[in-house]
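Here's my_file20.tsv, which has TSV, C-alpha atoms and all ligand atoms:
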chain	number	residue	atom	x	y	z
A	174	MET	CA	-3.93	17.45	6.47
A	175	TYR	CA	-3.89	14.99	3.61
A	176	ILE	CA	-2.96	11.40	4.40
A	177	ILE	CA	-2.91	8.36	2.12
A	178	LEU	CA	-3.17	4.84	3.49
A	179	LEU	CA	-1.28	2.46	1.25
A	180	GLY	CA	-1.11	-1.30	1.48
A	181	ALA	CA	-2.24	-4.55	-0.09
A	182	PRO	CA	-5.80	-5.84	0.15
A	183	GLY	CA	-5.95	-7.35	3.62
A	184	ALA	CA	-3.19	-5.16	5.05
A	185	GLY	CA	-5.67	-3.53	7.42
A	186	LYS	CA	-6.17	-0.19	5.68
A	187	GLY	CA	-9.90	-0.15	6.32
A	188	THR	CA	-9.58	-1.04	10.00
A	189	GLN	CA	-6.87	1.51	10.64
A	190	ALA	CA	-8.53	4.20	8.56
A	191	VAL	CA	-11.70	4.17	10.68
A	192	THR	CA	-9.86	4.67	13.99
A	193	LEU	CA	-7.20	7.01	12.65
A	194	ALA	CA	-9.64	9.28	10.87
A	195	GLN	CA	-11.56	9.61	14.14
A	196	ASN	CA	-8.42	10.30	16.16
A	197	LEU	CA	-7.06	12.82	13.72
A	198	LYS	CA	-10.44	14.33	12.81
A	199	LEU	CA	-10.05	13.57	9.14
A	200	VAL	CA	-12.74	12.64	6.65
A	201	HIS	CA	-12.29	8.99	5.69
A	202	ILE	CA	-12.64	8.40	1.95
A	203	ALA	CA	-12.51	4.76	0.84
A	204	THR	CA	-12.90	4.30	-2.91
A	205	GLY	CA	-13.94	0.65	-2.49
A	206	ASP	CA	-16.75	1.75	-0.15
A	207	LEU	CA	-17.84	4.48	-2.57
A	208	PHE	CA	-18.04	1.93	-5.40
A	209	ARG	CA	-19.91	-0.60	-3.25
A	210	GLN	CA	-22.41	2.09	-2.22
A	211	ALA	CA	-22.94	3.05	-5.85
A	212	LEU	CA	-23.50	-0.62	-6.69
A	213	GLU	CA	-26.08	-1.06	-3.94
A	214	GLN	CA	-27.90	2.08	-5.02
A	215	GLY	CA	-27.82	0.96	-8.66
A	216	THR	CA	-26.36	4.22	-9.95
A	217	VAL	CA	-24.59	4.71	-13.31
A	218	LEU	CA	-21.28	4.81	-11.45
A	219	GLY	CA	-22.08	1.47	-9.83
A	220	GLU	CA	-22.89	-0.05	-13.21
A	221	LYS	CA	-19.59	1.18	-14.62
A	222	ALA	CA	-17.65	-0.32	-11.71
A	223	ARG	CA	-19.47	-3.64	-11.32
A	224	SER	CA	-17.69	-5.94	-13.78
A	225	TYR	CA	-14.23	-4.74	-12.74
A	226	MET	CA	-14.91	-5.19	-9.05
A	227	GLU	CA	-16.33	-8.66	-9.56
A	228	LYS	CA	-13.14	-9.67	-11.37
A	229	GLY	CA	-10.82	-8.02	-8.85
A	230	MET	CA	-9.56	-5.54	-11.45
A	231	LEU	CA	-9.13	-1.80	-11.11
A	232	VAL	CA	-12.06	0.32	-12.22
A	233	PRO	CA	-10.82	2.49	-15.16
A	234	ASP	CA	-8.91	5.60	-14.12
A	235	GLU	CA	-11.24	8.10	-15.76
A	236	VAL	CA	-14.17	6.80	-13.70
A	237	THR	CA	-12.23	6.49	-10.43
A	238	ILE	CA	-10.35	9.76	-10.66
A	239	GLN	CA	-13.46	11.77	-11.43
A	240	MET	CA	-15.29	10.20	-8.49
A	241	VAL	CA	-12.47	10.97	-6.05
A	242	LEU	CA	-11.82	14.51	-7.24
A	243	GLU	CA	-15.51	15.30	-6.90
A	244	ARG	CA	-15.58	13.86	-3.40
A	245	ILE	CA	-12.50	15.69	-2.14
A	246	SER	CA	-13.69	19.04	-3.44
A	247	ALA	CA	-16.70	18.91	-1.09
A	248	PRO	CA	-16.72	21.44	1.80
A	249	ASP	CA	-16.38	18.78	4.54
A	250	CYS	CA	-12.96	17.85	3.16
A	251	GLN	CA	-11.39	21.27	3.71
A	252	SER	CA	-9.85	20.40	7.08
A	253	GLY	CA	-8.27	17.20	5.88
A	254	ILE	CA	-8.82	13.75	4.46
A	255	MET	CA	-7.62	10.21	4.85
A	256	LEU	CA	-7.60	8.39	1.52
A	257	ASP	CA	-8.03	4.62	1.70
A	258	GLY	CA	-7.74	2.66	-1.55
A	259	PHE	CA	-6.72	5.64	-3.67
A	260	PRO	CA	-4.39	6.24	-5.45
A	261	ARG	CA	-3.87	2.69	-6.69
A	262	ASN	CA	-1.55	3.40	-9.64
A	263	LEU	CA	0.80	6.14	-10.82
A	264	GLU	CA	-1.79	7.74	-13.08
A	265	GLN	CA	-4.15	8.21	-10.12
A	266	ALA	CA	-1.29	9.53	-7.96
A	267	ARG	CA	-0.48	12.16	-10.59
A	268	ALA	CA	-4.10	13.21	-10.96
A	269	LEU	CA	-4.36	13.61	-7.19
A	270	ASP	CA	-1.17	15.65	-6.96
A	271	ASP	CA	-2.35	17.97	-9.74
A	272	ALA	CA	-5.76	18.46	-8.18
A	273	LEU	CA	-4.36	19.24	-4.72
A	274	ASP	CA	-1.73	21.49	-6.24
A	275	LYS	CA	-4.46	23.60	-7.86
A	276	GLN	CA	-5.95	24.12	-4.38
A	277	GLY	CA	-2.53	25.03	-2.99
A	278	GLU	CA	-2.44	21.77	-1.05
A	279	ALA	CA	-0.31	18.63	-1.09
A	280	ILE	CA	-0.17	15.14	0.35
A	281	ASP	CA	1.51	15.30	3.76
A	282	THR	CA	2.19	11.66	4.53
A	283	VAL	CA	1.68	8.25	2.97
A	284	VAL	CA	1.25	5.57	5.60
A	285	TYR	CA	2.30	2.28	4.06
A	286	ILE	CA	1.07	-0.71	6.07
A	287	LYS	CA	3.36	-3.61	5.31
A	288	VAL	CA	2.13	-7.19	5.75
A	289	PRO	CA	3.76	-10.40	4.41
A	290	GLU	CA	2.03	-11.85	1.36
A	291	GLU	CA	1.09	-15.21	2.93
A	292	GLU	CA	-0.66	-13.38	5.78
A	293	LEU	CA	-2.79	-11.35	3.33
A	294	LEU	CA	-4.53	-14.37	1.80
A	295	LYS	CA	-5.34	-15.76	5.23
A	296	ARG	CA	-6.79	-12.48	6.45
A	297	LEU	CA	-8.97	-11.87	3.40
A	298	SER	CA	-10.52	-15.32	3.38
A	299	GLY	CA	-12.03	-14.99	6.88
A	300	ARG	CA	-13.14	-11.41	6.62
A	301	TRP	CA	-16.53	-10.07	7.75
A	302	ILE	CA	-17.49	-6.40	7.40
A	303	CYS	CA	-20.13	-4.22	9.07
A	304	ARG	CA	-22.76	-3.15	6.56
A	305	ASN	CA	-23.30	0.05	8.50
A	306	CYS	CA	-19.86	1.38	9.56
A	307	GLN	CA	-17.53	-0.82	7.41
A	308	THR	CA	-15.49	-2.04	10.39
A	309	PRO	CA	-13.85	-5.33	9.38
A	310	TYR	CA	-13.67	-8.45	11.57
A	311	HIS	CA	-11.94	-11.79	11.14
A	312	ALA	CA	-13.64	-15.09	11.87
A	313	VAL	CA	-10.54	-16.35	13.71
A	314	ASP	CA	-8.21	-13.41	14.47
A	315	SER	CA	-10.65	-10.70	15.55
A	316	PRO	CA	-14.19	-12.07	15.85
A	317	PRO	CA	-17.04	-9.76	16.95
A	318	ARG	CA	-18.29	-10.14	20.53
A	319	VAL	CA	-21.70	-11.26	19.24
A	320	ALA	CA	-21.70	-13.42	16.11
A	321	GLY	CA	-22.88	-11.53	13.02
A	322	LYS	CA	-23.06	-8.17	14.83
A	323	CYS	CA	-20.72	-5.18	14.80
A	324	ASP	CA	-19.11	-4.37	18.20
A	325	ARG	CA	-18.98	-0.72	17.31
A	326	CYS	CA	-22.51	-0.03	16.07
A	327	GLY	CA	-24.52	-3.26	16.24
A	328	GLY	CA	-24.77	-3.35	12.44
A	329	GLU	CA	-25.09	-6.58	10.45
A	330	LEU	CA	-21.85	-8.26	9.34
A	331	TYR	CA	-21.47	-9.60	5.78
A	332	GLN	CA	-18.80	-11.14	3.57
A	333	ARG	CA	-17.76	-9.26	0.44
A	334	THR	CA	-18.47	-11.14	-2.79
A	335	ASP	CA	-14.93	-10.34	-3.98
A	336	ASP	CA	-13.39	-11.99	-0.91
A	337	ASN	CA	-13.40	-15.44	-2.58
A	338	VAL	CA	-10.07	-17.19	-3.26
A	339	GLU	CA	-10.10	-16.59	-7.03
A	340	THR	CA	-10.83	-12.86	-6.84
A	341	VAL	CA	-8.56	-12.33	-3.85
A	342	LYS	CA	-5.64	-13.77	-5.86
A	343	LYS	CA	-6.42	-11.42	-8.74
A	344	ARG	CA	-6.64	-8.42	-6.40
A	345	LEU	CA	-3.26	-9.27	-4.88
A	346	ASP	CA	-1.84	-9.65	-8.37
A	347	VAL	CA	-3.16	-6.26	-9.41
A	348	TYR	CA	-1.79	-4.77	-6.19
A	349	PHE	CA	1.74	-6.04	-6.77
A	350	THR	CA	1.91	-4.96	-10.41
A	351	GLU	CA	-0.02	-1.66	-10.36
A	352	THR	CA	-0.13	-0.32	-6.80
A	353	ALA	CA	3.18	-1.43	-5.25
A	354	PRO	CA	5.19	0.96	-7.52
A	355	LEU	CA	3.62	3.78	-5.49
A	356	ILE	CA	5.79	2.74	-2.55
A	357	ASN	CA	8.89	3.87	-4.45
A	358	HIS	CA	7.11	6.86	-5.86
A	359	TYR	CA	6.27	8.31	-2.43
A	360	SER	CA	9.52	7.17	-0.88
A	361	ARG	CA	11.47	9.19	-3.47
A	362	VAL	CA	9.66	12.38	-2.47
A	363	GLY	CA	10.24	11.65	1.23
A	364	LYS	CA	6.59	11.14	2.13
A	365	LEU	CA	6.54	7.43	2.86
A	366	LEU	CA	6.04	6.18	6.39
A	367	GLU	CA	6.50	2.43	6.52
A	368	ILE	CA	4.56	0.68	9.29
A	369	ASP	CA	4.80	-2.96	10.32
A	370	GLY	CA	1.25	-4.25	9.87
A	371	LYS	CA	1.60	-7.42	11.90
A	372	GLY	CA	0.08	-7.72	15.36
A	373	SER	CA	-3.22	-6.60	16.85
A	374	VAL	CA	-5.30	-3.74	15.51
A	375	ASP	CA	-4.44	-1.57	18.52
A	376	THR	CA	-0.72	-2.31	18.23
A	377	VAL	CA	-0.72	-1.20	14.61
A	378	SER	CA	-2.80	1.93	15.36
A	379	GLN	CA	-0.33	2.92	18.06
A	380	ARG	CA	2.60	2.34	15.72
A	381	ILE	CA	1.04	4.66	13.18
A	382	LEU	CA	0.23	7.40	15.70
A	383	ASP	CA	3.76	7.20	17.13
A	384	ALA	CA	5.31	7.42	13.68
A	385	LEU	CA	3.34	10.43	12.45
A	386	PRO	CA	5.36	13.64	12.62
A	387	ASP	CA	4.92	15.48	15.95
A	388	GLY	CA	2.97	18.66	16.12
A	389	LYS	CA	1.45	18.34	12.68
A	390	PHE	CA	-1.23	15.98	13.89
A	391	VAL	CA	-3.47	17.07	16.71
A	392	THR	CA	-5.11	14.06	18.32
A	393	ARG	CA	-8.27	14.20	20.35
B	1	LIG	P1	-9.28	-4.13	-1.23
B	1	LIG	O1	-8.26	-3.09	-0.93
B	1	LIG	O2	-9.57	-5.01	-0.05
B	1	LIG	O3	-9.01	-4.94	-2.47
B	1	LIG	P2	-11.32	-2.06	-1.82
B	1	LIG	O4	-12.58	-2.05	-1.07
B	1	LIG	O5	-10.35	-0.97	-1.58
B	1	LIG	O6	-10.68	-3.49	-1.53
B	1	LIG	O7	-11.63	-2.13	-3.41
B	1	LIG	C1	-12.53	-3.05	-3.94
B	1	LIG	C2	-12.56	-2.92	-5.46
B	1	LIG	O8	-12.98	-1.61	-5.84
B	1	LIG	C3	-11.20	-3.10	-6.15
B	1	LIG	O9	-10.89	-4.45	-6.37
B	1	LIG	C4	-11.43	-2.31	-7.45
B	1	LIG	O10	-12.19	-3.06	-8.37
B	1	LIG	C5	-12.28	-1.15	-6.98
B	1	LIG	N1	-11.43	0.01	-6.59
B	1	LIG	C6	-11.28	0.52	-5.35
B	1	LIG	N2	-10.42	1.57	-5.35
B	1	LIG	C7	-10.01	1.72	-6.63
B	1	LIG	C8	-9.11	2.61	-7.29
B	1	LIG	N3	-8.45	3.58	-6.64
B	1	LIG	N4	-8.95	2.46	-8.64
B	1	LIG	C9	-9.59	1.51	-9.32
B	1	LIG	N5	-10.43	0.64	-8.76
B	1	LIG	C10	-10.66	0.73	-7.43
B	2	ZN	ZN	-20.58	-1.20	12.56

Could I get this structure in the form of structure tokens?
Ligand code: ADP
Ligand code: ZN
Amino acid sequence: MYIILLGAPGAGKGTQAVTLAQNLKLVHIATGDLFRQALEQGTVLGEKARSYMEKGMLVPDEVTIQMVLERISAPDCQSGIMLDGFPRNLEQARALDDALDKQGEAIDTVVYIKVPEEELLKRLSGRWICRNCQTPYHAVDSPPRVAGKCDRCGGELYQRTDDNVETVKKRLDVYFTETAPLINHYSRVGKLLEIDGKGSVDTVSQRILDALPDGKFVTR
């Protein structure tokens, strides 16, 4: 089972990916998380990604694609993956298709979480994320039960350095010019599942589960 989560920064991909991957028993692969990990560990990959991430730009395809293809070829990915933050342009989508094709696999469904643009800015500017399990919270809309602590695992919450107004605007810009064309791309091949991303986290999760094709997805 190969699922892609598509949507703008702030659409709720990360939040939904964590719960959905658990429900559907898929390995959750978030390219943003992989880059942030590499940065924290000071690896060569992290160094390559740093300046792009700080500016809200896409990390070059050759770096990103290689990282993802390596990750998805690992044994734990055999039973299925949920991609979050990849592909982010047509070049990446093609590389992914080719790689899966060589393994006799293909993308099953692209879940596109649709949220109005004005809502995105608001969400991103109050965002707090768990350092341990990456669950996102919002200072106003979905605060943690205990300030600064993750409800799920007790981990420490932090604000991403690229969640400042300037960088958020750039990320949204990049999304609309480079990533949004993927909506048409996957719609043309009949794989797009458009989900209304407004409302509570649980409402959106339920919408996604209800919309996924019956039988193909075994939930716990
Ligand atoms: P968001 O979706 O909230 O903008 P992510 O955590 O998915 O945040 O990504 C953070 C940053 O990591 C991006 O702004 C970009 O610099 C880099 N990045 C993540 N995924 C990709 C990708 N598929 N291709 C290129 N760069 C990426
Ligand atoms: Zn946590």

Please report as a tab-separated table every residue of chain A lying within 8 Å of ligand ZN 2 (chain B), along with the nearest atom pair and their distance in Å (one decimal), using all atoms listed in the file.
residue	atom	partner	partner_atom	distance
A:Ile302	CA	B:ZN2	ZN	8.0
A:Cys303	CA	B:ZN2	ZN	4.6
A:Arg304	CA	B:ZN2	ZN	6.7
A:Asn305	CA	B:ZN2	ZN	5.0
A:Cys306	CA	B:ZN2	ZN	4.0
A:Gln307	CA	B:ZN2	ZN	6.0
A:Thr308	CA	B:ZN2	ZN	5.6
A:Lys322	CA	B:ZN2	ZN	7.7
A:Cys323	CA	B:ZN2	ZN	4.6
A:Asp324	CA	B:ZN2	ZN	6.6
A:Arg325	CA	B:ZN2	ZN	5.0
A:Cys326	CA	B:ZN2	ZN	4.2
A:Gly327	CA	B:ZN2	ZN	5.8
A:Gly328	CA	B:ZN2	ZN	4.7
A:Glu329	CA	B:ZN2	ZN	7.3
A:Leu330	CA	B:ZN2	ZN	7.9

Find the residues around A:Gly363 up to 12 Å (only C-alpha atoms counted), leave out those fewer than 6 positions away in its own chain, and share them as a list in words.
-> Ile280, Asp281, Thr282, Val283, Val284, Ile356 and Asn357 of chain A

In Å, with one decimal, what is the gap from atom CA of A:Thr352 to atom CA of A:Asp249?
-> 27.5 Å

Restricting to all atoms listed in the file, whichever of A:Tyr175, A:Tyr348, A:Tyr331, A:Tyr310 is closest to ligand LIG 1 (chain B) is A:Tyr348

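With atom CA of A:Asp314 on one side and atom CA of A:Glu290 on the other, the separation reads 16.7 Å.
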
Report as a PyMOL selection string which protein, DNA and RNA residues come within 7 Å of ligand LIG 1 (chain B), using only C-alpha atoms and all ligand atoms.
-> chain A and resi 181-183+203-206+208+222+225-226+229-234+237+257-261+344

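Take atom CA of A:Ala353 and atom CA of A:Thr334: the distance between them is 23.9 Å.
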
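With only C-alpha atoms as the atoms that count, the minimum distance from A:Arg223 to the choices A:Lys364, A:Met255, A:Asp335, A:Thr188 is reached by A:Asp335.
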
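Distance check against A:Leu193 using all atoms listed in the file: of A:Leu366, A:Leu256, A:Asp336, A:Gly180, the minimum falls on A:Leu256.
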
Enumerate, as a ChimeraX atom specification, the protein, DNA and RNA residues whose atoms approach (0.6, -11.4, 1.7) to within 12 Å, taking into account all atoms listed in the file and the coordinate frame of the file.
-> /A:180-185,286-298,341-342,344-346,348-349,370-371

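Closest approach to A:Gly372 from the set A:Gly299, A:Gly321, A:Pro354, A:Ser315 is made by A:Ser315, with distances taken over all atoms listed in the file.
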
Need the axis-aligned box for stretch 211-216 of chain A with 4 Å each side, so what are the centre and edges in Å to one decimal, as lines of an AutoDock Vina configuration file?
center_x = -25.4
center_y = 1.6
center_z = -6.9
size_x = 13.0
size_y = 13.3
size_z = 14.0

Contacts of A:Ala194 at 10 Å (all atoms listed in the file; same-chain gap of 2+ positions) as a ChimeraX atom specification = /A:176,189-192,196-202,253-256,392

From the list A:Ala211, A:Val374, A:Val241, A:Ala266, the nearest residue to A:His311 using only C-alpha atoms is A:Val374

For A:Asp270, which residue out of A:Leu242, A:Val347, A:Cys250, A:Leu207 is the nearest one, using all atoms listed in the file?
-> A:Leu242
